[in-house]
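The file run-v7.txt comes next; it holds compact mmCIF, C-alpha atoms and all ligand atoms.
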# COMPACT_ATOMS: atom_id res chain seq x y z
CA MET W 21 6.87 2.75 15.35
CA GLY W 22 5.60 5.95 13.66
CA LYS W 23 1.88 6.39 13.18
CA SER W 24 2.23 6.45 9.42
CA ARG W 25 4.05 3.13 9.37
CA SER W 26 1.67 1.41 11.71
CA ASN W 27 -1.29 2.68 9.67
CA VAL W 28 0.19 1.32 6.48
CA LEU W 29 0.98 -2.02 8.09
CA PHE W 30 -2.63 -2.27 9.26
CA LEU W 31 -3.83 -1.57 5.73
CA LYS W 32 -1.47 -4.20 4.32
CA SER W 33 -2.75 -6.79 6.78
CA LEU W 34 -6.33 -6.05 5.72
CA GLU W 35 -5.37 -6.37 2.08
CA LYS W 36 -3.70 -9.72 2.69
CA ARG W 37 -6.68 -11.10 4.51
CA LEU W 38 -9.04 -10.07 1.73
CA ALA W 39 -6.73 -11.43 -0.95
CA ARG W 40 -6.60 -14.75 0.89
CA ARG W 41 -10.38 -14.87 0.53
CA HIS W 42 -9.98 -14.20 -3.22
CA VAL W 43 -11.47 -10.73 -3.10
CA PRO W 44 -10.34 -9.42 -6.50
CA GLN W 45 -9.62 -5.77 -5.68
CA ALA W 46 -8.22 -6.45 -2.23
CA LEU W 47 -6.17 -3.28 -1.79
CA ALA W 48 -8.88 -0.95 -3.06
CA GLU W 49 -11.47 -2.61 -0.86
CA ALA W 50 -9.19 -2.61 2.18
CA GLU W 51 -8.70 1.13 1.74
CA GLY W 52 -12.42 1.63 1.21
CA LEU W 53 -13.30 -0.22 4.43
CA LEU W 54 -10.67 1.71 6.35
CA VAL W 55 -11.86 5.11 5.24
CA HIS W 56 -15.53 4.22 5.73
CA PHE W 57 -15.38 2.39 9.04
CA GLY W 58 -12.17 3.87 10.45
CA ASP W 59 -13.59 7.36 10.15
CA VAL W 60 -10.36 8.74 8.75
CA ASP W 61 -9.59 10.48 5.49
CA ARG W 62 -6.98 9.01 3.15
CA LEU W 63 -4.48 11.82 3.56
CA SER W 64 -4.35 11.83 7.38
CA PHE W 65 -4.18 8.07 7.31
CA PHE W 66 -1.18 7.84 5.00
CA THR W 67 0.72 10.81 6.41
CA GLY W 68 0.24 9.34 9.86
CA ASP W 69 -1.43 12.54 10.96
CA ARG W 70 -3.91 10.39 12.79
CA ALA W 71 -3.67 6.92 14.22
CA LEU W 72 -6.80 4.80 14.24
CA THR W 73 -8.50 4.61 17.60
CA LYS W 74 -9.05 1.19 19.11
CA ARG W 75 -12.75 1.51 18.48
CA ALA W 76 -12.22 2.41 14.83
CA ARG W 77 -9.91 -0.57 14.37
CA LYS W 78 -12.56 -2.83 15.82
CA LYS W 79 -15.17 -1.50 13.43
CA VAL W 80 -12.86 -1.99 10.47
CA GLU W 81 -12.07 -5.52 11.64
CA GLY W 82 -15.80 -6.31 11.91
CA ALA W 83 -16.44 -5.08 8.39
CA LEU W 84 -13.50 -7.08 7.12
CA ARG W 85 -14.83 -10.28 8.70
CA ALA W 86 -18.24 -9.71 7.09
CA ARG W 87 -16.58 -9.05 3.73
CA SER W 88 -14.50 -12.22 4.07
CA LYS W 89 -17.70 -14.18 4.66
CA GLY W 90 -19.11 -13.00 1.35
CA VAL W 91 -21.11 -9.87 2.21
CA PRO W 92 -20.83 -7.64 -0.88
CA PHE W 93 -18.63 -4.58 -0.51
CA ALA W 94 -21.48 -2.34 -1.67
CA HIS W 95 -23.77 -3.74 1.04
CA LEU W 96 -21.22 -3.00 3.74
CA LEU W 97 -20.84 0.57 2.57
CA GLY W 98 -24.52 0.96 1.68
CA GLU W 99 -23.53 2.57 -1.58
CA THR W 100 -21.54 2.15 -4.75
CA GLU W 101 -20.24 4.22 -7.60
CA PHE W 102 -21.73 4.11 -11.07
CA TYR W 103 -20.92 6.33 -14.03
CA GLY W 104 -19.00 8.63 -11.70
CA ARG W 105 -21.78 9.11 -9.16
CA HIS W 106 -22.72 7.60 -5.81
CA PHE W 107 -25.82 5.46 -5.47
CA GLN W 108 -27.43 4.08 -2.37
CA VAL W 109 -27.59 0.31 -2.55
CA THR W 110 -29.88 -1.80 -0.38
CA LYS W 111 -30.53 -5.54 -0.29
CA ASP W 112 -33.60 -4.93 -2.44
CA VAL W 113 -31.79 -3.76 -5.57
CA LEU W 114 -29.14 -5.18 -7.83
CA ILE W 115 -25.70 -3.74 -7.15
CA PRO W 116 -24.81 -1.64 -10.21
CA ARG W 117 -22.05 -3.28 -12.26
CA PRO W 118 -19.41 -1.60 -14.40
CA GLU W 119 -20.74 -3.36 -17.55
CA THR W 120 -23.99 -1.49 -17.19
CA GLU W 121 -22.11 1.76 -17.77
CA LEU W 122 -21.83 0.57 -21.39
CA LEU W 123 -25.60 0.58 -21.64
CA VAL W 124 -25.64 4.18 -20.43
CA GLU W 125 -22.93 5.13 -22.91
CA GLU W 126 -24.80 3.50 -25.77
CA ALA W 127 -28.05 5.19 -24.79
CA LEU W 128 -26.31 8.57 -24.70
CA LYS W 129 -24.98 7.93 -28.20
CA VAL W 130 -28.36 7.19 -29.72
CA LEU W 131 -29.88 10.11 -27.79
CA GLU W 132 -27.48 12.52 -29.50
CA SER W 133 -29.83 12.79 -32.45
CA VAL W 134 -32.99 13.38 -30.38
CA ALA W 135 -33.97 16.69 -28.79
CA SER W 136 -35.88 16.55 -25.48
CA PRO W 137 -36.03 12.77 -25.55
CA LYS W 138 -38.45 10.62 -23.63
CA VAL W 139 -36.73 7.66 -22.07
CA LEU W 140 -38.20 4.62 -20.37
CA ASP W 141 -36.15 2.50 -17.95
CA VAL W 142 -37.69 -0.93 -17.43
CA GLY W 143 -36.75 -2.60 -14.12
CA THR W 144 -34.87 0.38 -12.79
CA GLY W 145 -33.69 -1.08 -9.45
CA SER W 146 -31.33 1.42 -7.80
CA GLY W 147 -32.19 3.87 -10.57
CA CYS W 148 -28.55 4.11 -11.62
CA ILE W 149 -29.35 4.07 -15.35
CA ALA W 150 -32.27 6.51 -15.12
CA VAL W 151 -30.32 8.94 -12.92
CA SER W 152 -27.18 8.78 -15.07
CA LEU W 153 -29.14 9.51 -18.25
CA ALA W 154 -31.09 12.35 -16.63
CA MET W 155 -27.88 13.89 -15.28
CA GLU W 156 -26.00 13.57 -18.56
CA ARG W 157 -28.89 14.82 -20.67
CA PRO W 158 -30.60 17.68 -18.87
CA ASP W 159 -33.23 17.94 -21.63
CA CYS W 160 -34.50 14.39 -21.28
CA LYS W 161 -37.44 13.10 -19.29
CA VAL W 162 -37.32 9.63 -17.85
CA THR W 163 -39.95 7.24 -16.59
CA ALA W 164 -38.53 4.45 -14.46
CA LEU W 165 -40.46 1.25 -13.77
CA ASP W 166 -39.94 -1.48 -11.21
CA SER W 167 -42.24 -4.19 -9.89
CA SER W 168 -40.72 -4.21 -6.41
CA ALA W 169 -42.04 -1.68 -3.91
CA LYS W 170 -38.98 -2.28 -1.76
CA ALA W 171 -36.62 -1.59 -4.65
CA LEU W 172 -38.49 1.63 -5.39
CA ARG W 173 -37.55 2.96 -1.96
CA ALA W 174 -33.89 2.92 -2.94
CA THR W 175 -34.72 4.33 -6.39
CA ARG W 176 -36.63 7.20 -4.80
CA HIS W 177 -33.73 7.94 -2.47
CA ASN W 178 -31.27 8.06 -5.36
CA ILE W 179 -33.52 10.25 -7.49
CA ARG W 180 -33.97 12.69 -4.63
CA SER W 181 -30.30 12.88 -3.83
CA TYR W 182 -29.69 14.17 -7.36
CA HIS W 183 -32.73 16.51 -7.21
CA LEU W 184 -34.32 14.77 -10.16
CA GLY W 185 -37.81 14.43 -8.71
CA ARG W 186 -39.31 16.49 -11.53
CA ARG W 187 -37.47 14.80 -14.37
CA ILE W 188 -37.75 11.17 -13.38
CA ARG W 189 -41.19 9.72 -12.87
CA LEU W 190 -41.30 6.49 -10.89
CA LEU W 191 -43.95 3.89 -11.37
CA LYS W 192 -44.49 0.56 -9.66
CA SER W 193 -45.02 -1.64 -12.69
CA ASP W 194 -44.24 -5.17 -13.75
CA LEU W 195 -42.47 -4.44 -17.04
CA PHE W 196 -44.77 -2.25 -19.18
CA GLY W 197 -47.93 -3.29 -17.31
CA ARG W 198 -48.87 0.03 -15.74
CA LEU W 199 -48.18 2.34 -18.67
CA SER W 200 -51.22 4.14 -20.02
CA GLY W 201 -52.64 3.76 -23.53
CA LYS W 202 -51.25 7.22 -24.32
CA GLU W 203 -47.77 5.92 -23.77
CA ARG W 204 -47.88 3.58 -26.71
CA HIS W 205 -45.55 4.52 -29.57
CA PHE W 206 -44.34 7.25 -27.25
CA TRP W 207 -40.75 6.54 -26.20
CA ASP W 208 -37.62 7.58 -28.06
CA VAL W 209 -35.45 5.15 -26.16
CA ILE W 210 -36.24 2.21 -23.90
CA VAL W 211 -33.38 0.97 -21.72
CA SER W 212 -33.30 -2.05 -19.48
CA ASN W 213 -30.99 -4.18 -17.43
CA PRO W 214 -33.38 -7.10 -16.95
CA PRO W 215 -32.77 -10.22 -14.90
CA TYR W 216 -30.89 -12.53 -17.26
CA VAL W 217 -29.05 -15.07 -15.12
CA PRO W 218 -30.17 -18.58 -16.18
CA ALA W 219 -32.31 -20.12 -13.43
CA GLU W 220 -30.27 -23.30 -13.82
CA ASP W 221 -27.07 -21.41 -12.85
CA PHE W 222 -28.26 -20.47 -9.36
CA PRO W 223 -26.71 -23.45 -7.57
CA THR W 224 -23.30 -22.32 -8.82
CA LEU W 225 -23.57 -18.61 -7.95
CA SER W 226 -21.31 -17.11 -5.29
CA LYS W 227 -22.66 -16.19 -1.89
CA GLU W 228 -22.07 -12.59 -2.82
CA VAL W 229 -24.32 -12.67 -5.87
CA LEU W 230 -26.89 -14.70 -3.95
CA SER W 231 -27.23 -11.90 -1.42
CA GLU W 232 -28.74 -9.76 -4.16
CA PRO W 233 -32.47 -9.95 -4.95
CA ARG W 234 -33.37 -13.03 -6.97
CA LEU W 235 -36.03 -10.99 -8.76
CA ALA W 236 -33.31 -8.78 -10.23
CA LEU W 237 -31.17 -11.69 -11.39
CA ASP W 238 -33.28 -14.70 -12.31
CA GLY W 239 -34.13 -14.67 -16.01
CA GLY W 240 -35.80 -18.09 -16.04
CA PRO W 241 -34.69 -20.94 -18.33
CA LYS W 242 -31.45 -19.94 -20.12
CA GLY W 243 -31.96 -16.48 -18.59
CA LEU W 244 -34.06 -15.44 -21.59
CA SER W 245 -37.63 -15.15 -20.27
CA VAL W 246 -37.69 -11.49 -19.28
CA ILE W 247 -35.49 -10.45 -22.22
CA ARG W 248 -37.97 -12.09 -24.60
CA ARG W 249 -40.95 -10.42 -22.95
CA ILE W 250 -39.28 -7.03 -23.28
CA LEU W 251 -38.38 -7.69 -26.92
CA SER W 252 -41.95 -8.62 -27.74
CA GLU W 253 -43.66 -5.78 -25.83
CA ALA W 254 -41.24 -2.91 -26.46
CA PRO W 255 -42.29 -2.28 -30.11
CA LEU W 256 -45.76 -1.32 -28.93
CA PHE W 257 -44.31 1.40 -26.72
CA LEU W 258 -41.48 2.69 -28.93
CA LYS W 259 -41.93 5.53 -31.38
CA PRO W 260 -41.33 4.46 -34.98
CA GLY W 261 -37.55 4.62 -35.33
CA GLY W 262 -37.12 4.49 -31.54
CA TRP W 263 -34.42 2.41 -29.88
CA LEU W 264 -34.41 -0.43 -27.42
CA LEU W 265 -31.13 -0.95 -25.57
CA MET W 266 -30.86 -3.86 -23.22
CA GLU W 267 -28.15 -5.55 -21.21
CA ILE W 268 -27.86 -9.29 -21.81
CA GLY W 269 -25.79 -12.16 -20.44
CA LYS W 270 -22.89 -14.20 -21.72
CA GLY W 271 -23.76 -16.50 -24.61
CA GLN W 272 -27.23 -15.04 -25.22
CA SER W 273 -26.52 -12.87 -28.26
CA ASN W 274 -26.66 -15.53 -31.00
CA VAL W 275 -30.08 -16.91 -30.19
CA LEU W 276 -31.44 -13.39 -29.69
CA ARG W 277 -30.00 -12.25 -33.03
CA GLU W 278 -31.83 -15.08 -34.78
CA GLU W 279 -35.12 -14.44 -33.02
CA ILE W 280 -35.00 -10.72 -33.75
CA GLU W 281 -34.12 -11.17 -37.41
CA GLU W 282 -36.99 -13.63 -37.87
CA ARG W 283 -39.60 -11.18 -36.64
CA GLU W 284 -38.69 -8.15 -38.78
CA VAL W 285 -40.09 -5.73 -36.21
CA PHE W 286 -36.71 -4.14 -35.76
CA LEU W 287 -34.23 -2.84 -38.31
CA GLY W 288 -31.45 -5.32 -37.65
CA VAL W 289 -29.64 -5.85 -34.37
CA ARG W 290 -26.30 -4.76 -32.99
CA PHE W 291 -24.37 -5.85 -29.91
CA VAL W 292 -21.80 -3.90 -27.94
CA LYS W 293 -19.02 -5.92 -26.34
CA ASP W 294 -17.95 -5.39 -22.75
CA TYR W 295 -14.35 -5.25 -21.48
CA ALA W 296 -14.26 -9.03 -21.34
CA GLY W 297 -15.27 -9.30 -25.02
CA ILE W 298 -18.81 -10.51 -24.18
CA GLU W 299 -21.67 -9.17 -26.32
CA ARG W 300 -23.29 -7.34 -23.44
CA VAL W 301 -25.60 -4.65 -24.80
CA LEU W 302 -28.25 -5.40 -27.38
CA ALA W 303 -29.32 -2.44 -29.53
CA VAL W 304 -32.30 -2.55 -31.88
CA ARG W 305 -34.22 0.13 -33.69
CA ARG W 306 -37.94 -0.10 -34.36
CA GLN W 307 -39.19 -0.06 -37.95
CA GLU W 308 -40.55 3.27 -39.16
CA LYS W 309 -43.72 1.79 -40.58
CA SER W 310 -46.62 1.15 -38.24
CA LEU W 311 -46.91 -2.32 -36.87
N1 LIG W 401 -24.36 -9.12 -14.39
C1 LIG W 401 -25.08 -9.73 -13.32
C2 LIG W 401 -24.36 -10.98 -12.87
O1 LIG W 401 -23.78 -11.65 -13.66
C3 LIG W 401 -26.49 -10.07 -13.70
C4 LIG W 401 -27.30 -8.87 -13.86
C5 LIG W 401 -28.67 -9.14 -14.40
O2 LIG W 401 -29.24 -10.23 -14.35
N2 LIG W 401 -29.19 -8.11 -14.95
O3 LIG W 401 -24.34 -11.28 -11.70
Reformat the file's structure so that it appears as structure tokens.
Ligand code: GLN
Amino acid sequence: MGKSRSNVLFLKSLEKRLARRHVPQALAEAEGLLVHFGDVDRLSFFTGDRALTKRARKKVEGALRARSKGVPFAHLLGETEFYGRHFQVTKDVLIPRPETELLVEEALKVLESVASPKVLDVGTGSGCIAVSLAMERPDCKVTALDSSAKALRATRHNIRSYHLGRRIRLLKSDLFGRLSGKERHFWDVIVSNPPYVPAEDFPTLSKEVLSEPRLALDGGPKGLSVIRRILSEAPLFLKPGGWLLMEIGKGQSNVLREEIEEREVFLGVRFVKDYAGIERVLAVRRQEKSL
């Protein structure tokens, strides 16, 4: 059998085994594991220029077994892609999700009307939002906060790998706790992907999701505790007319809409739907008048 054919058959067998375990993007993941652990580039693999060594096959097989047992793909590779860039992912940060790219897109839209904006990222985790915004808007300055020292190690790595050390300031802070008095009414845009999974849902979560940090996922009863804290504290830190953009979970928009409209701190509320039709990004603008 030619090398090309035997390579492709190996790939197909990996795909099948992943699909049997209900891995949704089985072919893409099989290819990803092959390239990463088989130490072979796609072209040489498919043209049959190179056959996998026995050792490489073993490594790929090992990764496949771990994946089949529920280890997240991003943890096996130690990285993932977000908004077209690579980010290191460790067990201490949430794995960036495609929905969160919508939050970045929305932030970039509202930033269009602001020159040299100051952006605050609350609960930055891997730093994927902060880095994406800083890369897309070279005139903006970002402060990124996270309460977990371990998470901040990954954030720091990601900031350095994009040479953003001077444009992104990192602070260990539980929500807004460590900001100085001077940083009140200071930010043009506050972004956040807070923990919003309802605490009561944890028994039903997949092993994959449970291998991510609970701190980054658990939003307390109904998943609303941290979201509510951010909604109540953000106005103090936003400039008049500044924006708060926050990712939220399925089924949370209606109650949040009501709570926001009752308080009249913000000028109305808007939600952006994700690809599944879920109202995923909450966007509110602070009143102009002082509070
Ligand atoms: N979207 C994630 C999930 O459903 C949750 C992310 C979060 O809590 N910020 O697993």
For range 168-277 of chain W versus range 101-107 of chain W, which residues have an atom no more than 10 Å away, and what is each residue's nearest atom pair and distance in Å rounded to one decimal, using all atoms listed in the file, chain-then-number order, as a Markdown table?
| residue | atom | partner | partner_atom | distance |
| --- | --- | --- | --- | --- |
| W:Ala174 | CA | W:Phe107 | CA | 8.8 |
| W:Thr175 | CA | W:Phe107 | CA | 9.0 |
| W:His177 | CA | W:Phe107 | CA | 8.8 |
| W:Asn178 | CA | W:Phe107 | CA | 6.0 |
| W:Ile179 | CA | W:Phe107 | CA | 9.3 |
| W:Ser181 | CA | W:Phe107 | CA | 8.8 |
| W:Tyr182 | CA | W:Arg105 | CA | 9.6 |
Practice problem: Give the residue list for ligand LIG 401 (chain W) at 12 Å, counting only C-alpha atoms and all ligand atoms, as number ranges by chain, sorted by chain and then by residue number. | Solution: W: 92, 113-121, 123, 142-145, 212-219, 221-222, 224-240, 242-247, 266-271, 294, 298, 300-301
Any chance you could export the current selection's C-alpha atoms as a PDB file, keeping the file's coordinate frame?
ATOM      1  CA  PRO W  92     -20.830  -7.640  -0.880  1.00  0.00           C
ATOM      2  CA  VAL W 113     -31.790  -3.760  -5.570  1.00  0.00           C
ATOM      3  CA  LEU W 114     -29.140  -5.180  -7.830  1.00  0.00           C
ATOM      4  CA  ILE W 115     -25.700  -3.740  -7.150  1.00  0.00           C
ATOM      5  CA  PRO W 116     -24.810  -1.640 -10.210  1.00  0.00           C
ATOM      6  CA  ARG W 117     -22.050  -3.280 -12.260  1.00  0.00           C
ATOM      7  CA  PRO W 118     -19.410  -1.600 -14.400  1.00  0.00           C
ATOM      8  CA  GLU W 119     -20.740  -3.360 -17.550  1.00  0.00           C
ATOM      9  CA  THR W 120     -23.990  -1.490 -17.190  1.00  0.00           C
ATOM     10  CA  GLU W 121     -22.110   1.760 -17.770  1.00  0.00           C
ATOM     11  CA  LEU W 123     -25.600   0.580 -21.640  1.00  0.00           C
ATOM     12  CA  VAL W 142     -37.690  -0.930 -17.430  1.00  0.00           C
ATOM     13  CA  GLY W 143     -36.750  -2.600 -14.120  1.00  0.00           C
ATOM     14  CA  THR W 144     -34.870   0.380 -12.790  1.00  0.00           C
ATOM     15  CA  GLY W 145     -33.690  -1.080  -9.450  1.00  0.00           C
ATOM     16  CA  SER W 212     -33.300  -2.050 -19.480  1.00  0.00           C
ATOM     17  CA  ASN W 213     -30.990  -4.180 -17.430  1.00  0.00           C
ATOM     18  CA  PRO W 214     -33.380  -7.100 -16.950  1.00  0.00           C
ATOM     19  CA  PRO W 215     -32.770 -10.220 -14.900  1.00  0.00           C
ATOM     20  CA  TYR W 216     -30.890 -12.530 -17.260  1.00  0.00           C
ATOM     21  CA  VAL W 217     -29.050 -15.070 -15.120  1.00  0.00           C
ATOM     22  CA  PRO W 218     -30.170 -18.580 -16.180  1.00  0.00           C
ATOM     23  CA  ALA W 219     -32.310 -20.120 -13.430  1.00  0.00           C
ATOM     24  CA  ASP W 221     -27.070 -21.410 -12.850  1.00  0.00           C
ATOM     25  CA  PHE W 222     -28.260 -20.470  -9.360  1.00  0.00           C
ATOM     26  CA  THR W 224     -23.300 -22.320  -8.820  1.00  0.00           C
ATOM     27  CA  LEU W 225     -23.570 -18.610  -7.950  1.00  0.00           C
ATOM     28  CA  SER W 226     -21.310 -17.110  -5.290  1.00  0.00           C
ATOM     29  CA  LYS W 227     -22.660 -16.190  -1.890  1.00  0.00           C
ATOM     30  CA  GLU W 228     -22.070 -12.590  -2.820  1.00  0.00           C
ATOM     31  CA  VAL W 229     -24.320 -12.670  -5.870  1.00  0.00           C
ATOM     32  CA  LEU W 230     -26.890 -14.700  -3.950  1.00  0.00           C
ATOM     33  CA  SER W 231     -27.230 -11.900  -1.420  1.00  0.00           C
ATOM     34  CA  GLU W 232     -28.740  -9.760  -4.160  1.00  0.00           C
ATOM     35  CA  PRO W 233     -32.470  -9.950  -4.950  1.00  0.00           C
ATOM     36  CA  ARG W 234     -33.370 -13.030  -6.970  1.00  0.00           C
ATOM     37  CA  LEU W 235     -36.030 -10.990  -8.760  1.00  0.00           C
ATOM     38  CA  ALA W 236     -33.310  -8.780 -10.230  1.00  0.00           C
ATOM     39  CA  LEU W 237     -31.170 -11.690 -11.390  1.00  0.00           C
ATOM     40  CA  ASP W 238     -33.280 -14.700 -12.310  1.00  0.00           C
ATOM     41  CA  GLY W 239     -34.130 -14.670 -16.010  1.00  0.00           C
ATOM     42  CA  GLY W 240     -35.800 -18.090 -16.040  1.00  0.00           C
ATOM     43  CA  LYS W 242     -31.450 -19.940 -20.120  1.00  0.00           C
ATOM     44  CA  GLY W 243     -31.960 -16.480 -18.590  1.00  0.00           C
ATOM     45  CA  LEU W 244     -34.060 -15.440 -21.590  1.00  0.00           C
ATOM     46  CA  SER W 245     -37.630 -15.150 -20.270  1.00  0.00           C
ATOM     47  CA  VAL W 246     -37.690 -11.490 -19.280  1.00  0.00           C
ATOM     48  CA  ILE W 247     -35.490 -10.450 -22.220  1.00  0.00           C
ATOM     49  CA  MET W 266     -30.860  -3.860 -23.220  1.00  0.00           C
ATOM     50  CA  GLU W 267     -28.150  -5.550 -21.210  1.00  0.00           C
ATOM     51  CA  ILE W 268     -27.860  -9.290 -21.810  1.00  0.00           C
ATOM     52  CA  GLY W 269     -25.790 -12.160 -20.440  1.00  0.00           C
ATOM     53  CA  LYS W 270     -22.890 -14.200 -21.720  1.00  0.00           C
ATOM     54  CA  GLY W 271     -23.760 -16.500 -24.610  1.00  0.00           C
ATOM     55  CA  ASP W 294     -17.950  -5.390 -22.750  1.00  0.00           C
ATOM     56  CA  ILE W 298     -18.810 -10.510 -24.180  1.00  0.00           C
ATOM     57  CA  ARG W 300     -23.290  -7.340 -23.440  1.00  0.00           C
ATOM     58  CA  VAL W 301     -25.600  -4.650 -24.800  1.00  0.00           C
TER      59      VAL W 301
END
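Every protein or nucleic acid residue with an atom no more than 8 Å from Phe57 in chain W, counting only C-alpha atoms and leaving out same-chain residues fewer than 4 positions away, appears here: Leu53, Ala76, Lys79, Val80 and Ala83 of chain W.
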Exercise. Within 7 Å of Gln307 in chain W, counting all atoms listed in the file, which residues show up once you throw out same-chain ones fewer than 2 positions away? Write them as JSON, numbers by chain, please.
Key: {"W": [260, 261, 285, 286, 287, 305, 309]}
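The list of residues within 10 Å of (-46.7, 2.7, -22.7), counted using all atoms listed in the file, is Leu140, Phe196, Gly197, Arg198, Leu199, Ser200, Gly201, Lys202, Glu203, Arg204, His205, Phe206, Trp207, Glu253, Ala254, Pro255, Leu256, Phe257 and Leu258 of chain W.
We find CA of Ala48 in chain W and CA of Thr100 in chain W to be spaced 13.1 Å apart.
Take CA of Leu29 in chain W and CA of Gly82 in chain W: the distance between them is 17.7 Å.
Of the listed residues (W:Asp141, W:Asp112, W:Glu282, W:Asp208), W:Asp141 comes nearest to Leu165 in chain W; the distances count only C-alpha atoms.
As for CA of Ser146 in chain W and CA of Leu190 in chain W, they are spaced 11.6 Å apart.
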Exercise. Rank nothing, just name the residue among W:Asp59, W:His183, W:Gly147, W:Glu132 nearest to Cys160 in chain W, using all atoms listed in the file.
Key: W:Glu132
Quiz item: Which residue, W:Leu122, W:Val304, W:Val275, W:Ala164, has the smallest gap to Leu184 in chain W when you use all atoms listed in the file?
Solution: W:Ala164
Exercise. Could you give me, as a PyMOL selection string, the residues within 10 Å of Phe66 in chain W, counting only C-alpha atoms and dropping anything in the same chain fewer than 4 positions from it?
Key: chain W and resi 23-28+31+60-62+70-71
Practice problem: Mind checking which residues fall within 12 Å of Glu35 in chain W, counting only C-alpha atoms, ignoring those fewer than 3 positions away in the same chain, and posting them as an MDAnalysis selection string? | Solution: chainID W and resid 28:32 38:54 81 84 87:88
Practice problem: Can you pull out every residue within 12 Å of Leu131 in chain W, counting only C-alpha atoms, but drop anything in the same chain fewer than 3 positions away, and send it as a count of residues only? | Solution: 28
Using the partial input, fill out range 271-282 of chain W with N, CA, C and O atoms; write the result as a CSV table (one decimal), in the frame of the given file.
chain,number,residue,atom,x,y,z
W,271,GLY,N,-23.2,-15.4,-23.8
W,271,GLY,CA,-23.8,-16.5,-24.6
W,271,GLY,C,-25.2,-16.4,-25.1
W,271,GLY,O,-25.8,-17.3,-25.6
W,272,GLN,N,-25.8,-15.2,-24.8
W,272,GLN,CA,-27.2,-15.0,-25.2
W,272,GLN,C,-27.4,-14.3,-26.6
W,272,GLN,O,-28.5,-14.3,-27.1
W,273,SER,N,-26.3,-13.7,-27.1
W,273,SER,CA,-26.5,-12.9,-28.3
W,273,SER,C,-26.9,-13.6,-29.5
W,273,SER,O,-27.8,-13.2,-30.3
W,274,ASN,N,-26.4,-14.8,-29.7
W,274,ASN,CA,-26.7,-15.5,-31.0
W,274,ASN,C,-28.1,-15.9,-31.1
W,274,ASN,O,-28.7,-15.6,-32.2
W,275,VAL,N,-28.7,-16.5,-30.1
W,275,VAL,CA,-30.1,-16.9,-30.2
W,275,VAL,C,-31.0,-15.7,-30.3
W,275,VAL,O,-31.9,-15.7,-31.1
W,276,LEU,N,-30.6,-14.6,-29.6
W,276,LEU,CA,-31.4,-13.4,-29.7
W,276,LEU,C,-31.4,-12.8,-31.1
W,276,LEU,O,-32.4,-12.3,-31.6
W,277,ARG,N,-30.2,-12.8,-31.7
W,277,ARG,CA,-30.0,-12.2,-33.0
W,277,ARG,C,-31.0,-13.0,-34.0
W,277,ARG,O,-31.7,-12.3,-34.7
W,278,GLU,N,-31.0,-14.3,-33.9
W,278,GLU,CA,-31.8,-15.1,-34.8
W,278,GLU,C,-33.3,-14.7,-34.6
W,278,GLU,O,-34.0,-14.5,-35.5
W,279,GLU,N,-33.7,-14.7,-33.3
W,279,GLU,CA,-35.1,-14.4,-33.0
W,279,GLU,C,-35.5,-13.1,-33.5
W,279,GLU,O,-36.6,-12.9,-34.0
W,280,ILE,N,-34.7,-12.1,-33.4
W,280,ILE,CA,-35.0,-10.7,-33.8
W,280,ILE,C,-35.1,-10.6,-35.3
W,280,ILE,O,-36.0,-10.0,-35.8
W,281,GLU,N,-34.1,-11.3,-35.9
W,281,GLU,CA,-34.1,-11.2,-37.4
W,281,GLU,C,-35.3,-11.9,-38.0
W,281,GLU,O,-35.9,-11.4,-39.0
W,282,GLU,N,-35.8,-12.9,-37.4
W,282,GLU,CA,-37.0,-13.6,-37.9
W,282,GLU,C,-38.2,-12.7,-37.9
W,282,GLU,O,-39.1,-12.9,-38.7
